[in-house]
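Asker: The file below is final-v4.tsv, TSV, C-alpha atoms:
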chain	number	residue	atom	x	y	z
A	30	MET	CA	25.66	-5.28	5.88
A	31	TRP	CA	24.88	-5.92	2.25
A	32	PRO	CA	22.71	-4.72	0.71
A	33	HIS	CA	22.75	-1.48	2.64
A	34	GLN	CA	19.71	-0.85	4.88
A	35	ASP	CA	18.77	2.31	2.92
A	36	HIS	CA	18.65	0.25	-0.27
A	37	ILE	CA	16.38	-2.36	1.33
A	38	ASN	CA	14.05	0.32	2.70
A	39	THR	CA	13.76	1.96	-0.72
A	40	ILE	CA	12.99	-1.32	-2.47
A	41	ALA	CA	10.34	-2.21	0.12
A	42	SER	CA	8.68	1.20	0.04
A	43	LYS	CA	5.16	1.38	-1.38
A	44	TRP	CA	5.77	5.12	-1.79
A	45	GLU	CA	8.64	4.48	-4.22
A	46	ILE	CA	6.55	1.91	-6.10
A	47	SER	CA	3.66	4.37	-6.29
A	48	ARG	CA	5.93	7.10	-7.66
A	49	SER	CA	7.25	4.70	-10.33
A	50	LEU	CA	3.73	3.64	-11.31
A	51	ASP	CA	2.65	7.30	-11.49
A	52	HIS	CA	5.56	8.00	-13.84
A	53	ILE	CA	4.74	4.99	-16.05
A	54	ALA	CA	1.07	6.00	-16.21
A	55	GLN	CA	1.94	9.59	-17.10
A	56	VAL	CA	4.77	9.03	-19.57
A	57	ARG	CA	4.26	5.57	-21.08
A	58	THR	CA	0.57	4.67	-20.96
A	59	ARG	CA	-0.89	8.16	-20.54
A	60	THR	CA	-3.51	6.79	-18.15
A	61	ALA	CA	-4.93	7.99	-14.86
A	62	ARG	CA	-3.94	6.52	-11.53
A	63	PRO	CA	-5.44	6.82	-8.07
A	64	THR	CA	-3.94	9.65	-6.04
A	65	THR	CA	-1.25	8.78	-3.51
A	66	ARG	CA	0.37	11.32	-1.20
A	67	LEU	CA	2.58	11.13	1.86
A	68	LEU	CA	0.96	12.29	5.07
A	69	VAL	CA	2.64	14.80	7.32
A	70	ASP	CA	2.49	13.75	10.97
A	71	GLY	CA	-0.34	15.61	12.67
A	72	SER	CA	-1.98	16.80	9.44
A	73	ASP	CA	-5.68	16.40	8.70
A	74	ILE	CA	-6.75	12.92	7.62
A	75	VAL	CA	-9.22	12.86	4.72
A	76	ASN	CA	-12.01	10.41	5.58
A	77	ALA	CA	-12.51	9.19	2.01
A	78	MET	CA	-8.89	8.06	1.57
A	79	VAL	CA	-7.24	4.74	2.40
A	80	LEU	CA	-4.34	5.12	4.81
A	81	ARG	CA	-1.42	2.83	4.12
A	82	GLY	CA	2.01	2.41	5.58
A	83	THR	CA	4.84	2.89	3.13
A	84	HIS	CA	6.17	-0.53	4.14
A	85	SER	CA	2.86	-2.37	4.54
A	86	ASP	CA	2.73	-6.03	3.65
A	87	GLY	CA	0.04	-8.67	3.59
A	88	GLY	CA	-2.77	-6.24	4.38
A	89	GLU	CA	-1.08	-4.88	7.49
A	90	HIS	CA	-0.85	-1.12	7.97
A	91	VAL	CA	-3.95	-0.49	5.85
A	92	VAL	CA	-6.75	1.66	7.27
A	93	LEU	CA	-9.89	1.78	5.15
A	94	PRO	CA	-12.36	4.68	5.28
A	95	ARG	CA	-14.78	2.56	7.36
A	96	ASP	CA	-12.11	2.00	10.07
A	97	VAL	CA	-13.08	5.18	11.92
A	98	ASP	CA	-11.45	4.15	15.22
A	99	LYS	CA	-8.03	3.92	13.53
A	100	ARG	CA	-8.14	7.21	11.62
A	101	ASN	CA	-6.22	9.29	14.14
A	102	TRP	CA	-2.58	10.12	14.68
A	103	GLU	CA	-2.33	8.37	18.04
A	104	TYR	CA	-3.19	5.06	16.38
A	105	LEU	CA	-1.11	5.71	13.24
A	106	ARG	CA	2.02	6.60	15.23
A	107	SER	CA	1.65	3.40	17.29
A	108	GLN	CA	1.79	1.31	14.09
A	109	LEU	CA	5.04	2.62	12.62
A	110	ASP	CA	7.26	-0.30	13.61
A	111	VAL	CA	9.39	-0.38	10.44
A	112	PRO	CA	12.39	1.99	10.28
A	113	CYS	CA	11.80	4.92	7.89
A	114	ALA	CA	8.11	3.97	7.47
A	115	ARG	CA	5.55	6.72	6.98
A	116	TRP	CA	1.85	6.89	6.25
A	117	MET	CA	0.35	7.58	2.83
A	118	ALA	CA	-3.19	8.49	1.80
A	119	GLN	CA	-4.49	6.79	-1.33
A	120	SER	CA	-7.70	7.16	-3.28
A	121	TYR	CA	-10.22	4.55	-2.17
A	122	VAL	CA	-10.94	2.08	-4.99
A	123	GLU	CA	-14.10	0.27	-3.94
A	124	PRO	CA	-13.82	-2.68	-6.39
A	125	LEU	CA	-10.35	-3.46	-5.01
A	126	ASP	CA	-11.77	-3.67	-1.50
A	127	ARG	CA	-14.81	-5.67	-2.62
A	128	LEU	CA	-13.33	-7.93	-5.33
A	129	GLY	CA	-9.67	-8.32	-4.37
A	130	GLU	CA	-6.55	-7.85	-6.47
A	131	TRP	CA	-4.28	-9.64	-8.90
A	132	ARG	CA	-0.64	-10.05	-7.94
A	133	VAL	CA	1.91	-10.93	-10.61
A	134	PHE	CA	5.24	-12.47	-9.67
A	135	LEU	CA	8.10	-12.82	-12.14
A	136	VAL	CA	10.46	-15.64	-11.16
A	137	GLY	CA	13.17	-17.06	-13.35
A	138	GLY	CA	11.63	-15.62	-16.52
A	139	ARG	CA	8.18	-17.05	-15.74
A	140	SER	CA	5.13	-15.19	-14.53
A	141	TYR	CA	2.83	-16.41	-11.77
A	142	ILE	CA	-0.51	-14.77	-11.02
A	143	ARG	CA	-2.28	-15.00	-7.66
A	144	PHE	CA	-5.60	-13.49	-6.76
A	145	THR	CA	-6.06	-12.12	-3.24
A	146	LEU	CA	-9.46	-11.70	-1.67
A	147	LYS	CA	-10.44	-10.20	1.68
A	148	GLU	CA	-11.78	-12.84	4.08
A	149	PRO	CA	-15.29	-11.94	5.25
A	150	GLY	CA	-15.53	-11.23	8.97
A	151	CYS	CA	-11.80	-10.90	9.66
A	152	ASN	CA	-8.93	-8.66	8.71
A	153	THR	CA	-6.96	-11.10	6.55
A	154	TRP	CA	-6.54	-11.87	2.87
A	155	SER	CA	-6.59	-15.28	1.25
A	156	TRP	CA	-4.79	-16.45	-1.89
A	157	ILE	CA	-6.66	-18.12	-4.69
Please go through the file and, once you have read it, give me the structure as C-alpha coordinates.
Answerer:
Amino acid sequence: MWPHQDHINTIASKWEISRSLDHIAQVRTRTARPTTRLLVDGSDIVNAMVLRGTHSDGGEHVVLPRDVDKRNWEYLRSQLDVPCARWMAQSYVEPLDRLGEWRVFLVGGRSYIRFTLKEPGCNTWSWI
(Lines of atoms letter the chains of each structure in order from A and count residues from 1; the text may use other names and numbers.)
(Lines give C-alpha, C1' and ligand atoms only; values in the text may rest on other atoms or scores of the structure.)
Protein backbone atom coordinates (compact mmCIF):
# COMPACT_ATOMS: atom_id res chain seq x y z
CA MET A 1 0.00 0.00 0.00
CA TRP A 2 1.25 3.46 -0.82
CA PRO A 3 1.68 5.64 1.07
CA HIS A 4 2.59 3.35 3.94
CA GLN A 5 0.03 3.17 6.78
CA ASP A 6 2.56 4.54 9.31
CA HIS A 7 3.06 7.60 7.11
CA ILE A 8 -0.69 8.22 6.88
CA ASN A 9 -1.11 7.85 10.65
CA THR A 10 1.69 10.35 11.30
CA ILE A 11 0.25 12.92 8.89
CA ALA A 12 -3.22 12.58 10.42
CA SER A 13 -1.99 12.82 14.01
CA LYS A 14 -3.00 15.91 15.98
CA TRP A 15 -0.15 15.03 18.35
CA GLU A 16 2.43 15.46 15.56
CA ILE A 17 0.79 18.72 14.47
CA SER A 18 0.82 19.96 18.07
CA ARG A 19 4.51 19.12 18.44
CA SER A 20 5.29 21.02 15.21
CA LEU A 21 3.28 24.05 16.35
CA ASP A 22 5.03 23.97 19.74
CA HIS A 23 8.39 24.01 17.96
CA ILE A 24 7.36 26.90 15.69
CA ALA A 25 6.07 28.89 18.67
CA GLN A 26 9.24 28.28 20.65
CA VAL A 27 11.86 28.75 17.95
CA ARG A 28 10.33 31.02 15.30
CA THR A 29 7.69 33.23 16.90
CA ARG A 30 8.79 32.94 20.54
CA THR A 31 5.15 32.85 21.64
CA ALA A 32 3.23 30.80 24.16
CA ARG A 33 0.96 27.94 23.18
CA PRO A 34 -1.65 25.99 25.10
CA THR A 35 -0.25 22.89 26.79
CA THR A 36 -0.77 19.56 25.04
CA ARG A 37 0.35 16.23 26.49
CA LEU A 38 -0.30 12.60 25.68
CA LEU A 39 -2.31 10.73 28.27
CA VAL A 40 -1.14 7.42 29.65
CA ASP A 41 -3.95 4.87 29.76
CA GLY A 42 -5.34 4.71 33.29
CA SER A 43 -3.66 7.93 34.47
CA ASP A 44 -5.50 10.71 36.26
CA ILE A 45 -7.61 12.96 34.04
CA VAL A 46 -7.33 16.67 34.86
CA ASN A 47 -10.85 18.14 34.90
CA ALA A 48 -9.83 21.52 33.48
CA MET A 49 -8.29 20.06 30.32
CA VAL A 50 -9.89 19.23 26.98
CA LEU A 51 -9.45 15.58 26.02
CA ARG A 52 -8.86 14.99 22.35
CA GLY A 53 -8.07 11.97 20.25
CA THR A 54 -4.83 12.18 18.33
CA HIS A 55 -6.77 11.41 15.16
CA SER A 56 -9.94 13.39 15.88
CA ASP A 57 -11.73 15.00 12.98
CA GLY A 58 -14.79 17.19 12.62
CA GLY A 59 -15.29 17.61 16.35
CA GLU A 60 -15.30 13.89 17.05
CA HIS A 61 -13.16 12.52 19.87
CA VAL A 62 -13.26 15.82 21.76
CA VAL A 63 -14.29 15.80 25.43
CA LEU A 64 -14.72 19.24 26.97
CA PRO A 65 -14.37 19.88 30.71
CA ARG A 66 -18.18 20.10 31.06
CA ASP A 67 -18.62 16.56 29.60
CA VAL A 68 -18.26 14.93 33.02
CA ASP A 69 -19.88 11.64 31.98
CA LYS A 70 -17.18 11.07 29.33
CA ARG A 71 -14.14 11.89 31.46
CA ASN A 72 -13.26 8.33 32.43
CA TRP A 73 -11.06 5.65 30.95
CA GLU A 74 -13.91 3.25 30.22
CA TYR A 75 -15.46 5.80 27.86
CA LEU A 76 -12.14 6.95 26.38
CA ARG A 77 -11.02 3.39 25.58
CA SER A 78 -14.35 2.71 23.85
CA GLN A 79 -13.73 5.63 21.47
CA LEU A 80 -10.30 4.64 20.13
CA ASP A 81 -11.44 3.26 16.78
CA VAL A 82 -8.51 4.56 14.71
CA PRO A 83 -5.33 2.44 14.62
CA CYS A 84 -2.50 3.99 16.67
CA ALA A 85 -4.85 6.64 18.12
CA ARG A 86 -4.29 7.87 21.66
CA TRP A 87 -5.80 10.51 23.90
CA MET A 88 -4.25 13.91 24.57
CA ALA A 89 -5.03 16.53 27.20
CA GLN A 90 -5.00 20.14 26.01
CA SER A 91 -5.42 23.42 27.81
CA TYR A 92 -9.02 24.57 27.63
CA VAL A 93 -9.31 27.77 25.57
CA GLU A 94 -12.76 29.16 26.37
CA PRO A 95 -13.00 31.60 23.42
CA LEU A 96 -12.37 28.71 21.00
CA ASP A 97 -15.28 26.80 22.50
CA ARG A 98 -17.53 29.87 22.60
CA LEU A 99 -16.55 31.68 19.38
CA GLY A 100 -15.34 28.93 17.05
CA GLU A 101 -12.15 28.69 15.02
CA TRP A 102 -10.61 29.73 11.73
CA ARG A 103 -9.41 26.99 9.40
CA VAL A 104 -7.04 27.84 6.58
CA PHE A 105 -6.69 25.55 3.58
CA LEU A 106 -3.92 25.95 1.01
CA VAL A 107 -4.92 24.48 -2.35
CA GLY A 108 -3.05 24.99 -5.58
CA GLY A 109 -1.20 28.04 -4.26
CA ARG A 110 -4.41 29.72 -3.05
CA SER A 111 -5.64 30.07 0.50
CA TYR A 112 -9.21 29.48 1.60
CA ILE A 113 -10.48 30.42 5.06
CA ARG A 114 -13.49 28.83 6.72
CA PHE A 115 -14.91 29.67 10.10
CA THR A 116 -16.33 26.84 12.21
CA LEU A 117 -18.83 27.45 14.97
CA LYS A 118 -20.37 25.01 17.46
CA GLU A 119 -24.09 24.48 16.81
CA PRO A 120 -26.13 25.36 19.90
CA GLY A 121 -27.94 22.40 21.43
CA CYS A 122 -26.10 19.65 19.54
CA ASN A 123 -22.61 18.25 19.27
CA THR A 124 -21.79 19.39 15.73
CA TRP A 125 -19.93 22.23 14.07
CA SER A 126 -21.12 24.32 11.15
CA TRP A 127 -19.06 26.04 8.46
CA ILE A 128 -19.50 29.69 7.71
Asker: Which residues, written as a list in words, have at least one atom at most 10 Å from Leu109 (chain A), with all atoms listed in the file counted and residues fewer than 5 positions away on the same chain left out?
Answerer: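 Once the adjacent positions are removed, what remains is Gly82, Thr83, His84, Ser85, His90, Tyr104, Ala114, Arg115 and Trp116 of chain A.
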Asker: Could you write those residues out with C-alpha atoms, as a tab-separated table (two decimals), in the frame of the given file?
Answerer:
chain	number	residue	atom	x	y	z
A	82	GLY	CA	2.01	2.41	5.58
A	83	THR	CA	4.84	2.89	3.13
A	84	HIS	CA	6.17	-0.53	4.14
A	85	SER	CA	2.86	-2.37	4.54
A	90	HIS	CA	-0.85	-1.12	7.97
A	104	TYR	CA	-3.19	5.06	16.38
A	114	ALA	CA	8.11	3.97	7.47
A	115	ARG	CA	5.55	6.72	6.98
A	116	TRP	CA	1.85	6.89	6.25
Asker: Please indicate the distance in Å from CA of Glu103 (chain A) to CA of Ala77 (chain A), rounded to one decimal place.
Answerer: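 Straight-line distance from CA of Glu103 (chain A) to CA of Ala77 (chain A) works out to 19.0 Å.
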Asker: Just give me the gap between CA of Asp51 (chain A) and CA of Pro63 (chain A) in Å, one decimal is fine.
Answerer: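 Answer for the CA of Asp51 (chain A) to CA of Pro63 (chain A) separation: 8.8 Å.
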Asker: Counting all atoms listed in the file, I want the residues whose atoms come within 12 Å of (6.7, 7.1, -5.4) in the file frame, returned as a ChimeraX atom specification.
Answerer: /A:39-53,64-67,83,117,119
Asker: Can you work out the spacing between CA of Phe144 (chain A) and CA of Glu123 (chain A) in Å, to one decimal?
Answerer: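 According to the coordinates, CA of Phe144 (chain A) and CA of Glu123 (chain A) are separated by 16.4 Å.
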Asker: Which is closest to Leu146 (chain A) among A:Trp102, A:Pro124, A:Ile74, A:Gln108, if we use all atoms listed in the file?
Answerer: A:Pro124
Asker: Which residues are close to region 91-93 of chain A, i.e. within 6 Å by all atoms listed in the file, leaving aside same-chain residues fewer than 3 positions away? Reply as a ChimeraX atom specification.
Answerer: /A:79-81,96
Asker: Tell me which residues come within 12 Å of (1.6, -8.8, -9.5), as a list in words, counting only C-alpha atoms in the file's coordinates.
Answerer: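 Here the neighbourhood of the point contains Glu130, Trp131, Arg132, Val133, Phe134, Leu135, Val136, Ser140, Tyr141, Ile142, Arg143, Phe144 and Thr145 of chain A.
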Asker: From the list A:Met78, A:Arg127, A:Gly71, A:Glu89, which residue is nearest Arg106 (chain A) when using all atoms listed in the file?
Answerer: A:Gly71
Asker: Using only C-alpha atoms, which of A:Val111, A:Val97, A:Ala118, A:Ala54 sits nearest Leu68 (chain A)?
Answerer: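 Among the listed residues, the smallest separation from Leu68 (chain A) belongs to A:Ala118.
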Asker: Go through A:Asn101, A:Thr60, A:Gln55, A:Pro94 one by one, measure the shortest atom-to-atom distance of each to Asp73 (chain A) using only C-alpha atoms, and give the residue with the smallest value.
Answerer: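 Using only C-alpha atoms, the shortest distance to Asp73 (chain A) belongs to A:Asn101.
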